[in-house]
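Chemist: My questions all concern the structure below.
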Protein chains: 2
Amino acid sequence: MTAKLAIEQTDDARASSKGAQDLIPAIFQDRLGYHLRVAQEASFQAFAKATGRADLKPGWYALLTVLTERDSMTPSELSRICGRDRSTLTSSLKDLSDRGLIERHPNPDDQRSYSVRLTEEGRGMQERLQVIADAHDRRLEEIAGEDKEVFLSVLARLTAVLS
Amino acid sequence: MTAKLAIEQTDDARASSKGAQDLIPAIFQDRLGYHLRVAQEASFQAFAKATGRADLKPGWYALLTVLTERDSMTPSELSRICGRDRSTLTSSLKDLSDRGLIERHPNPDDQRSYSVRLTEEGRGMQERLQVIADAHDRRLEEIAGEDKEVFLSVLARLTAVLS
DNA sequence: ACTATATAATTTGACACCAAACTATCTTGC
DNA sequence: GCAAGATAGTTTGGTGTCAAATTATATAGT
């Protein structure tokens, strides 16, 4: 089982390899941190490429998707749920707003805050992104194969402990 | 062993959780891509914090460490081995050079290129970073527990396939 | 030899992220 | 009621990453 894609790396058996990824340098062979970083980067780039082909931004997906769940929410709530700092949402929300994918409504009870809501267009866009995200995730699942559950549980533990 | 860090997540047993990480939003519950992103971010932030306390930059570690292996190499080689785009090395190398951690020597056979070499200080700095990286990775391994091998193999497969 | 192509490194522009500082508003406590 | 502190959102500055365009130099082909 486990599909054994090997990654042997006998130090000279990796001369060429085109250019994309020169496989794993021996020094980092068993470094979880290194593999985690590189795998995440590869996954992100693949997803970004897929969304880019449709002229969408990868960062929109999580935001729009969360917004489909509750009819309206504040930037702070979004930030907590998406696991991103509040400050990173500012430009994304402006972007989404400029493109008419979300609407911002002032909160009558609190002048500092406002609520964000998907527009019809936003909902449509979310659906388009969902298709891409689904395909991407299916691909990841295929690669993980039967190890998916274990893999997922380790990731969840890492997040919880290192939060 | 395995330390059973659990993180059950019975859907309603995660209401509060202070504020850092609102645990996993239900929508992304079984999304590998989401978990991968968040876990990597958490891991990176933890490492950055550790290096930051010593007034070091996390990005230096991989570079310096690779340089300890071969006495000298070009930026392009470094880039391939580290799995990072050449363009991202420019500023890092300037930084390392400014601090006297590496030396750049013109290549007599090719005026376009140069070779990079660790200085004595650079070697010392690498050792300090190695201590931090070791501790970090040990922490990750503890969290992964007995699932470490499987986890690592999935990461390696992801990188290889999505490269 | 001389042009045409390939390569090394840098620059520029884009995106994702965090953390600390700042502004405006709301809430507390006296 | 009003000053002190908390909170919402934005701004600014820093990190890490990629990709495309640029510049300089090497190599190939004719």
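By order of appearance in the structure tokens: chains A, B, ..., then residues from 1 within every chain, and ligands from 1 in the order shown.
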Matching each Cα of chain B to its counterpart in chain A by order, what RMSD results from the least-squares fit?

Modeler: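 Here the C-alpha RMSD works out to 1.4 Å.
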
Chemist: Within 6 Å of chain B, which residues of chain A are there when counting only C-alpha atoms? Please give them as a list in words.

Modeler: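 Here is what falls inside 6 Å: Gln21, Asp22, His35, Ala39, Ala42, Ala144, Phe151, Val154, Leu155, Leu158, Thr159, Leu162 and Ser163 of chain A.
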
Chemist: Output C-alpha atoms for every residue in the selection just made, as an mmCIF file, in the first residue's frame.

Modeler:
data_model
loop_
_atom_site.group_PDB
_atom_site.id
_atom_site.type_symbol
_atom_site.label_atom_id
_atom_site.label_comp_id
_atom_site.auth_asym_id
_atom_site.auth_seq_id
_atom_site.Cartn_x
_atom_site.Cartn_y
_atom_site.Cartn_z
ATOM 1 C CA GLN A 21 11.196 20.232 -8.678
ATOM 2 C CA ASP A 22 14.593 18.769 -8.238
ATOM 3 C CA HIS A 35 8.010 18.620 3.214
ATOM 4 C CA ALA A 39 3.841 20.282 -0.548
ATOM 5 C CA ALA A 42 2.844 22.890 -4.783
ATOM 6 C CA ALA A 144 -3.336 10.671 -0.617
ATOM 7 C CA PHE A 151 -3.047 12.557 6.670
ATOM 8 C CA VAL A 154 -2.208 14.851 11.386
ATOM 9 C CA LEU A 155 -2.841 18.164 9.649
ATOM 10 C CA LEU A 158 -0.723 20.296 13.768
ATOM 11 C CA THR A 159 -3.089 23.194 13.319
ATOM 12 C CA LEU A 162 0.587 25.096 16.777
ATOM 13 C CA SER A 163 -2.240 27.579 16.518
#

Chemist: What does the distance between atom CA of Ile132 of chain B and atom CA of Ala50 of chain B come to in Å, to one decimal place?

Modeler: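 Interatomic distance here is 6.8 Å.
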
Chemist: Atom CA of Val131 of chain A to atom CA of Trp60 of chain A: how many Å, to one decimal?

Modeler: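 Atom CA of Trp60 of chain A lies at a distance of 13.4 Å from atom CA of Val131 of chain A.
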
Chemist: Neighbouring residues of segment 17-28 of chain D were defined as those with any atom within 10 Å, considering only C-alpha atoms (C1' of nucleotides); residues of the same chain fewer than 2 positions away were excluded. Please report them as a short mmCIF file (atom, residue, chain, number, x, y, z; two decimals) with N, CA and C atoms (P, O5', C5', C4', C3', O3' and C1' of nucleotides), in the first residue's frame.

Modeler:
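Once written, selection01.cif looks like this:
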data_model
loop_
_atom_site.label_atom_id
_atom_site.label_comp_id
_atom_site.auth_asym_id
_atom_site.auth_seq_id
_atom_site.Cartn_x
_atom_site.Cartn_y
_atom_site.Cartn_z
N GLU A 41 3.07 24.51 -0.93
CA GLU A 41 3.36 25.43 -2.02
C GLU A 41 2.91 24.83 -3.34
N GLN A 45 0.02 26.38 -5.67
CA GLN A 45 0.31 26.80 -7.04
C GLN A 45 -0.61 26.12 -8.03
N ARG B 84 12.94 26.67 -4.71
CA ARG B 84 12.40 28.02 -4.78
C ARG B 84 12.83 28.68 -6.07
N ASP B 85 12.04 29.60 -6.54
CA ASP B 85 12.36 30.29 -7.77
C ASP B 85 13.66 31.09 -7.59
N ARG B 86 14.41 31.18 -8.67
CA ARG B 86 15.67 31.92 -8.62
C ARG B 86 15.44 33.35 -8.10
N SER B 87 14.36 33.94 -8.57
CA SER B 87 14.15 35.35 -8.24
C SER B 87 13.98 35.59 -6.75
N THR B 88 13.56 34.57 -6.04
CA THR B 88 13.35 34.78 -4.60
C THR B 88 14.66 34.77 -3.83
N ASP B 109 34.95 31.38 -15.34
CA ASP B 109 34.53 30.72 -16.58
C ASP B 109 33.24 31.28 -17.15
N ASP B 110 32.53 32.04 -16.33
CA ASP B 110 31.24 32.56 -16.79
C ASP B 110 30.93 33.86 -16.06
N GLN B 111 31.04 34.93 -16.81
CA GLN B 111 30.89 36.26 -16.21
C GLN B 111 29.49 36.53 -15.67
N ARG B 112 28.52 35.76 -16.15
CA ARG B 112 27.14 36.02 -15.72
C ARG B 112 26.90 35.52 -14.31
N SER B 113 27.66 34.53 -13.97
CA SER B 113 27.37 33.79 -12.74
C SER B 113 28.40 34.07 -11.64
P DA C 4 19.94 36.82 -36.44
"O5'" DA C 4 20.17 35.33 -36.95
"C5'" DA C 4 19.31 34.20 -36.74
"C4'" DA C 4 19.44 33.51 -35.42
"C3'" DA C 4 18.34 33.90 -34.43
"O3'" DA C 4 17.61 32.70 -34.16
"C1'" DA C 4 20.41 33.71 -33.32
P DT C 5 16.29 32.70 -33.30
"O5'" DT C 5 16.80 31.82 -32.07
"C5'" DT C 5 17.57 30.63 -32.32
"C4'" DT C 5 18.23 30.17 -31.04
"C3'" DT C 5 17.29 30.16 -29.83
"O3'" DT C 5 17.44 28.90 -29.19
"C1'" DT C 5 19.27 31.29 -29.30
P DA C 6 16.44 28.44 -28.03
"O5'" DA C 6 17.43 28.36 -26.78
"C5'" DA C 6 18.59 27.53 -26.85
"C4'" DA C 6 19.48 27.85 -25.67
"C3'" DA C 6 18.76 27.81 -24.32
"O3'" DA C 6 19.59 27.09 -23.43
"C1'" DA C 6 19.90 29.85 -24.56
P DT C 7 19.04 26.45 -22.12
"O5'" DT C 7 19.81 27.32 -21.04
"C5'" DT C 7 21.22 27.38 -21.05
"C4'" DT C 7 21.68 28.56 -20.23
"C3'" DT C 7 21.02 28.63 -18.86
"O3'" DT C 7 22.05 28.41 -17.91
"C1'" DT C 7 21.17 30.76 -19.89
P DA C 8 21.81 28.68 -16.36
"O5'" DA C 8 22.32 30.18 -16.15
"C5'" DA C 8 23.72 30.45 -16.08
"C4'" DA C 8 23.96 31.67 -15.20
"C3'" DA C 8 23.25 31.64 -13.85
"O3'" DA C 8 24.12 32.18 -12.86
"C1'" DA C 8 22.41 33.45 -15.15
P DA C 9 23.62 32.17 -11.36
"O5'" DA C 9 22.95 33.59 -11.25
"C5'" DA C 9 23.79 34.75 -11.30
"C4'" DA C 9 22.95 36.01 -11.41
"C3'" DA C 9 22.03 36.29 -10.21
"O3'" DA C 9 22.51 37.45 -9.56
"C1'" DA C 9 20.95 36.71 -12.30
P DT C 10 21.68 38.11 -8.34
"O5'" DT C 10 20.75 39.17 -9.08
"C5'" DT C 10 21.35 40.10 -9.98
"C4'" DT C 10 20.30 41.01 -10.58
"C3'" DT C 10 19.36 41.66 -9.56
"O3'" DT C 10 19.40 43.06 -9.80
"C1'" DT C 10 18.11 40.68 -11.32
P DT C 11 18.61 44.06 -8.83
"O5'" DT C 11 17.28 44.34 -9.67
"C5'" DT C 11 17.39 44.73 -11.03
"C4'" DT C 11 16.00 44.92 -11.63
"C3'" DT C 11 14.99 45.62 -10.72
"O3'" DT C 11 14.35 46.63 -11.49
"C1'" DT C 11 14.08 43.58 -11.52
P DT C 12 13.33 47.66 -10.82
"O5'" DT C 12 11.90 47.04 -11.18
"C5'" DT C 12 11.61 46.72 -12.54
"C4'" DT C 12 10.24 46.08 -12.65
"C3'" DT C 12 9.18 46.67 -11.72
"O3'" DT C 12 7.97 46.79 -12.46
"C1'" DT C 12 9.28 44.35 -11.42
P DG C 13 6.72 47.65 -11.92
"O5'" DG C 13 5.63 46.50 -11.72
"C5'" DG C 13 5.34 45.59 -12.77
"C4'" DG C 13 4.41 44.50 -12.26
"C3'" DG C 13 3.41 44.99 -11.22
"O3'" DG C 13 2.19 44.31 -11.44
"C1'" DG C 13 4.64 43.23 -10.34
P DA C 14 0.83 44.78 -10.74
"O5'" DA C 14 0.34 43.41 -10.09
"C5'" DA C 14 0.30 42.24 -10.92
"C4'" DA C 14 0.20 41.00 -10.03
"C3'" DA C 14 -0.74 41.17 -8.84
"O3'" DA C 14 -1.83 40.27 -8.93
"C1'" DA C 14 1.33 40.15 -8.21
P DC C 15 -3.03 40.46 -7.88
"O5'" DC C 15 -2.73 39.27 -6.85
"C5'" DC C 15 -2.44 37.98 -7.34
"C4'" DC C 15 -2.05 37.10 -6.18
"C3'" DC C 15 -2.89 37.39 -4.94
"O3'" DC C 15 -3.47 36.20 -4.46
"C1'" DC C 15 -0.57 37.39 -4.41
P DA C 16 -4.51 36.31 -3.25
"O5'" DA C 16 -3.70 35.68 -2.02
"C5'" DA C 16 -3.09 34.41 -2.17
"C4'" DA C 16 -2.36 34.10 -0.89
"C3'" DA C 16 -3.13 34.61 0.33
"O3'" DA C 16 -3.29 33.60 1.31
"C1'" DA C 16 -0.89 35.40 0.36
P DT D 15 11.73 41.59 6.52
"O5'" DT D 15 10.88 40.27 6.24
"C5'" DT D 15 10.31 39.58 7.34
"C4'" DT D 15 9.66 38.30 6.84
"C3'" DT D 15 10.39 37.73 5.63
"O3'" DT D 15 10.86 36.42 5.88
"C1'" DT D 15 8.05 37.92 5.20
P DT D 30 22.21 25.12 -38.92
"O5'" DT D 30 22.84 26.07 -40.02
"C5'" DT D 30 22.33 27.40 -40.14
"C4'" DT D 30 23.41 28.33 -40.65
"C3'" DT D 30 24.00 27.93 -42.00
"O3'" DT D 30 23.85 29.02 -42.89
"C1'" DT D 30 25.69 28.60 -40.50
#

Chemist: When you draw a straight line from atom CA of Gly122 of chain A to atom CA of Ile102 of chain A, how long is it in Å?

Modeler: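 One can read the atom CA of Gly122 of chain A to atom CA of Ile102 of chain A distance as 5.9 Å.
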
Chemist: Residues of chain D were defined as contacting chain A if any atom lay at most 12 Å from it, counting only C-alpha atoms (C1' of nucleotides); please report them as a PyMOL selection string.

Modeler: chain D and resi 7-12+16-19

Chemist: Take the residues from that selection and write them out as a PDB file, in the first residue's frame, keeping N, CA and C atoms (P, O5', C5', C4', C3', O3' and C1' of nucleotides).

Modeler:
ATOM      1  P    DT D   7     -12.505  43.443  24.133  1.00  0.00           P
ATOM      2  O5'  DT D   7     -13.005  43.996  22.720  1.00  0.00           O
ATOM      3  C5'  DT D   7     -14.323  44.496  22.586  1.00  0.00           C
ATOM      4  C4'  DT D   7     -14.465  45.157  21.231  1.00  0.00           C
ATOM      5  C3'  DT D   7     -13.900  44.306  20.092  1.00  0.00           C
ATOM      6  O3'  DT D   7     -14.967  44.076  19.194  1.00  0.00           O
ATOM      7  C1'  DT D   7     -13.226  46.566  19.908  1.00  0.00           C
ATOM      8  P    DA D   8     -14.732  43.399  17.767  1.00  0.00           P
ATOM      9  O5'  DA D   8     -14.789  44.673  16.808  1.00  0.00           O
ATOM     10  C5'  DA D   8     -16.045  45.291  16.510  1.00  0.00           C
ATOM     11  C4'  DA D   8     -15.973  45.968  15.156  1.00  0.00           C
ATOM     12  C3'  DA D   8     -15.401  45.099  14.044  1.00  0.00           C
ATOM     13  O3'  DA D   8     -16.102  45.352  12.831  1.00  0.00           O
ATOM     14  C1'  DA D   8     -13.958  46.954  14.430  1.00  0.00           C
ATOM     15  P    DG D   9     -15.735  44.503  11.520  1.00  0.00           P
ATOM     16  O5'  DG D   9     -14.693  45.478  10.837  1.00  0.00           O
ATOM     17  C5'  DG D   9     -15.153  46.731  10.321  1.00  0.00           C
ATOM     18  C4'  DG D   9     -13.984  47.588   9.883  1.00  0.00           C
ATOM     19  C3'  DG D   9     -13.127  46.949   8.780  1.00  0.00           C
ATOM     20  O3'  DG D   9     -13.221  47.763   7.617  1.00  0.00           O
ATOM     21  C1'  DG D   9     -11.783  47.901  10.515  1.00  0.00           C
ATOM     22  P    DT D  10     -12.289  47.486   6.309  1.00  0.00           P
ATOM     23  O5'  DT D  10     -11.022  48.437   6.587  1.00  0.00           O
ATOM     24  C5'  DT D  10     -11.267  49.803   6.901  1.00  0.00           C
ATOM     25  C4'  DT D  10      -9.946  50.538   7.056  1.00  0.00           C
ATOM     26  C3'  DT D  10      -8.954  50.321   5.908  1.00  0.00           C
ATOM     27  O3'  DT D  10      -8.511  51.605   5.507  1.00  0.00           O
ATOM     28  C1'  DT D  10      -7.900  49.897   7.988  1.00  0.00           C
ATOM     29  P    DT D  11      -7.529  51.757   4.233  1.00  0.00           P
ATOM     30  O5'  DT D  11      -6.106  51.966   4.932  1.00  0.00           O
ATOM     31  C5'  DT D  11      -5.991  52.848   6.044  1.00  0.00           C
ATOM     32  C4'  DT D  11      -4.547  52.888   6.555  1.00  0.00           C
ATOM     33  C3'  DT D  11      -3.474  52.746   5.472  1.00  0.00           C
ATOM     34  O3'  DT D  11      -2.492  53.735   5.715  1.00  0.00           O
ATOM     35  C1'  DT D  11      -3.122  51.132   7.174  1.00  0.00           C
ATOM     36  P    DT D  12      -1.252  53.958   4.713  1.00  0.00           P
ATOM     37  O5'  DT D  12      -0.058  53.196   5.457  1.00  0.00           O
ATOM     38  C5'  DT D  12       0.205  53.493   6.825  1.00  0.00           C
ATOM     39  C4'  DT D  12       1.347  52.623   7.326  1.00  0.00           C
ATOM     40  C3'  DT D  12       2.465  52.383   6.305  1.00  0.00           C
ATOM     41  O3'  DT D  12       3.710  52.444   6.986  1.00  0.00           O
ATOM     42  C1'  DT D  12       1.661  50.322   7.082  1.00  0.00           C
ATOM     43  P    DG D  16      11.691  35.691   4.737  1.00  0.00           P
ATOM     44  O5'  DG D  16      10.566  34.942   3.884  1.00  0.00           O
ATOM     45  C5'  DG D  16       9.699  33.987   4.515  1.00  0.00           C
ATOM     46  C4'  DG D  16       8.815  33.391   3.443  1.00  0.00           C
ATOM     47  C3'  DG D  16       9.628  33.081   2.181  1.00  0.00           C
ATOM     48  O3'  DG D  16       9.481  31.736   1.733  1.00  0.00           O
ATOM     49  C1'  DG D  16       7.717  34.393   1.647  1.00  0.00           C
ATOM     50  P    DT D  17      10.371  31.211   0.539  1.00  0.00           P
ATOM     51  O5'  DT D  17       9.394  31.362  -0.716  1.00  0.00           O
ATOM     52  C5'  DT D  17       8.173  30.632  -0.744  1.00  0.00           C
ATOM     53  C4'  DT D  17       7.312  31.062  -1.906  1.00  0.00           C
ATOM     54  C3'  DT D  17       8.068  31.165  -3.228  1.00  0.00           C
ATOM     55  O3'  DT D  17       8.054  29.944  -3.947  1.00  0.00           O
ATOM     56  C1'  DT D  17       6.449  32.916  -2.967  1.00  0.00           C
ATOM     57  P    DC D  18       8.797  29.818  -5.315  1.00  0.00           P
ATOM     58  O5'  DC D  18       7.738  30.387  -6.358  1.00  0.00           O
ATOM     59  C5'  DC D  18       6.423  29.848  -6.421  1.00  0.00           C
ATOM     60  C4'  DC D  18       5.634  30.615  -7.469  1.00  0.00           C
ATOM     61  C3'  DC D  18       6.278  30.550  -8.848  1.00  0.00           C
ATOM     62  O3'  DC D  18       5.329  30.064  -9.778  1.00  0.00           O
ATOM     63  C1'  DC D  18       5.942  32.822  -8.207  1.00  0.00           C
ATOM     64  P    DA D  19       5.805  29.729 -11.271  1.00  0.00           P
ATOM     65  O5'  DA D  19       5.527  31.051 -12.131  1.00  0.00           O
ATOM     66  C5'  DA D  19       4.264  31.700 -12.039  1.00  0.00           C
ATOM     67  C4'  DA D  19       4.296  32.918 -12.943  1.00  0.00           C
ATOM     68  C3'  DA D  19       5.046  32.699 -14.256  1.00  0.00           C
ATOM     69  O3'  DA D  19       4.373  33.404 -15.272  1.00  0.00           O
ATOM     70  C1'  DA D  19       6.055  34.466 -13.081  1.00  0.00           C
TER      71       DA D  19
END

Chemist: Pick the closest to chain C from A:Ser92, A:Ser72, A:Thr119, A:Gln130: which is it, counting only C-alpha atoms (C1' of nucleotides)?

Modeler: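 Under the stated criterion, the closest residue is A:Ser92.
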
Chemist: Could you work out which residues of chain C fall inside 10 Å of chain A? Count only C-alpha atoms (C1' of nucleotides), and format the result as a list in words.

Modeler: DC15, DA16, DC17, DC18, DA19, DA24, DT25 and DC26 of chain C

Chemist: How would the residues just chosen look if you wrote them out with N, CA and C atoms (P, O5', C5', C4', C3', O3' and C1' of nucleotides) as a CSV table (one decimal), in the first residue's frame?

Modeler:
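As a result, again-v3.csv now contains:
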chain,number,residue,atom,x,y,z
C,15,DC,P,-3.0,40.5,-7.9
C,15,DC,O5',-2.7,39.3,-6.8
C,15,DC,C5',-2.4,38.0,-7.3
C,15,DC,C4',-2.0,37.1,-6.2
C,15,DC,C3',-2.9,37.4,-4.9
C,15,DC,O3',-3.5,36.2,-4.5
C,15,DC,C1',-0.6,37.4,-4.4
C,16,DA,P,-4.5,36.3,-3.2
C,16,DA,O5',-3.7,35.7,-2.0
C,16,DA,C5',-3.1,34.4,-2.2
C,16,DA,C4',-2.4,34.1,-0.9
C,16,DA,C3',-3.1,34.6,0.3
C,16,DA,O3',-3.3,33.6,1.3
C,16,DA,C1',-0.9,35.4,0.4
C,17,DC,P,-4.3,33.9,2.5
C,17,DC,O5',-3.3,34.4,3.7
C,17,DC,C5',-2.3,33.5,4.2
C,17,DC,C4',-1.3,34.3,5.0
C,17,DC,C3',-1.9,35.2,6.1
C,17,DC,O3',-2.1,34.5,7.3
C,17,DC,C1',0.0,36.1,5.1
C,18,DC,P,-2.7,35.2,8.5
C,18,DC,O5',-1.5,35.9,9.4
C,18,DC,C5',-0.3,35.1,9.6
C,18,DC,C4',0.7,36.0,10.2
C,18,DC,C3',0.2,36.7,11.5
C,18,DC,O3',1.1,36.6,12.5
C,18,DC,C1',1.0,38.3,9.9
C,19,DA,P,0.6,37.0,14.0
C,19,DA,O5',1.3,38.3,14.3
C,19,DA,C5',2.7,38.6,13.9
C,19,DA,C4',3.0,40.0,14.2
C,19,DA,C3',2.2,40.6,15.4
C,19,DA,O3',3.1,41.5,16.0
C,19,DA,C1',1.7,41.9,13.4
C,24,DA,P,-10.5,59.4,12.6
C,24,DA,O5',-11.8,58.5,13.1
C,24,DA,C5',-12.3,57.6,12.1
C,24,DA,C4',-13.3,56.7,12.8
C,24,DA,C3',-14.3,57.4,13.6
C,24,DA,O3',-15.6,57.0,13.3
C,24,DA,C1',-13.3,55.7,14.9
C,25,DT,P,-16.9,57.6,13.8
C,25,DT,O5',-17.4,56.6,14.9
C,25,DT,C5',-17.7,55.3,14.5
C,25,DT,C4',-17.7,54.4,15.7
C,25,DT,C3',-18.8,54.7,16.8
C,25,DT,O3',-19.6,53.6,16.8
C,25,DT,C1',-16.7,54.1,17.8
C,26,DC,P,-21.1,53.8,17.5
C,26,DC,O5',-20.9,52.7,18.7
C,26,DC,C5',-20.4,51.4,18.5
C,26,DC,C4',-19.9,50.8,19.8
C,26,DC,C3',-20.8,51.0,21.0
C,26,DC,O3',-21.0,49.7,21.5
C,26,DC,C1',-18.7,51.6,21.6

Chemist: Would you please give, as a compact mmCIF listing (two decimals) with C-alpha atoms, in the first residue's frame, all residues of segment 2-162 of chain A that DSSP assigns to strand (DSSP E or B) based on the backbone?

Modeler:
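Generated output (result_26.txt):
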# COMPACT_ATOMS: atom_id res chain seq x y z
CA MET A 73 -21.44 38.31 8.54
CA ILE A 102 -20.43 41.04 -2.23
CA GLU A 103 -22.32 43.94 -0.71
CA ARG A 104 -21.42 45.77 2.44
CA HIS A 105 -24.23 47.00 4.64
CA PRO A 106 -23.66 49.37 7.53
CA ASN A 107 -24.59 47.95 10.87
CA ASP A 110 -22.48 49.66 15.55
CA GLN A 111 -21.08 52.35 13.31
CA ARG A 112 -17.61 50.81 13.32
CA SER A 113 -18.74 47.60 11.75
CA TYR A 114 -20.63 46.44 8.73
CA SER A 115 -21.96 43.19 7.41
CA VAL A 116 -20.98 41.45 4.23
CA ARG A 117 -23.38 39.61 2.00
CA LEU A 118 -23.05 37.66 -1.20

Chemist: Could you give me, as a PyMOL selection string, each residue of segment 16-163 of chain A that DSSP assigns to alpha helix (DSSP H) when run on this structure's backbone?

Modeler: chain A and resi 32-53+58-69+75-82+86-98+120-144+148-162
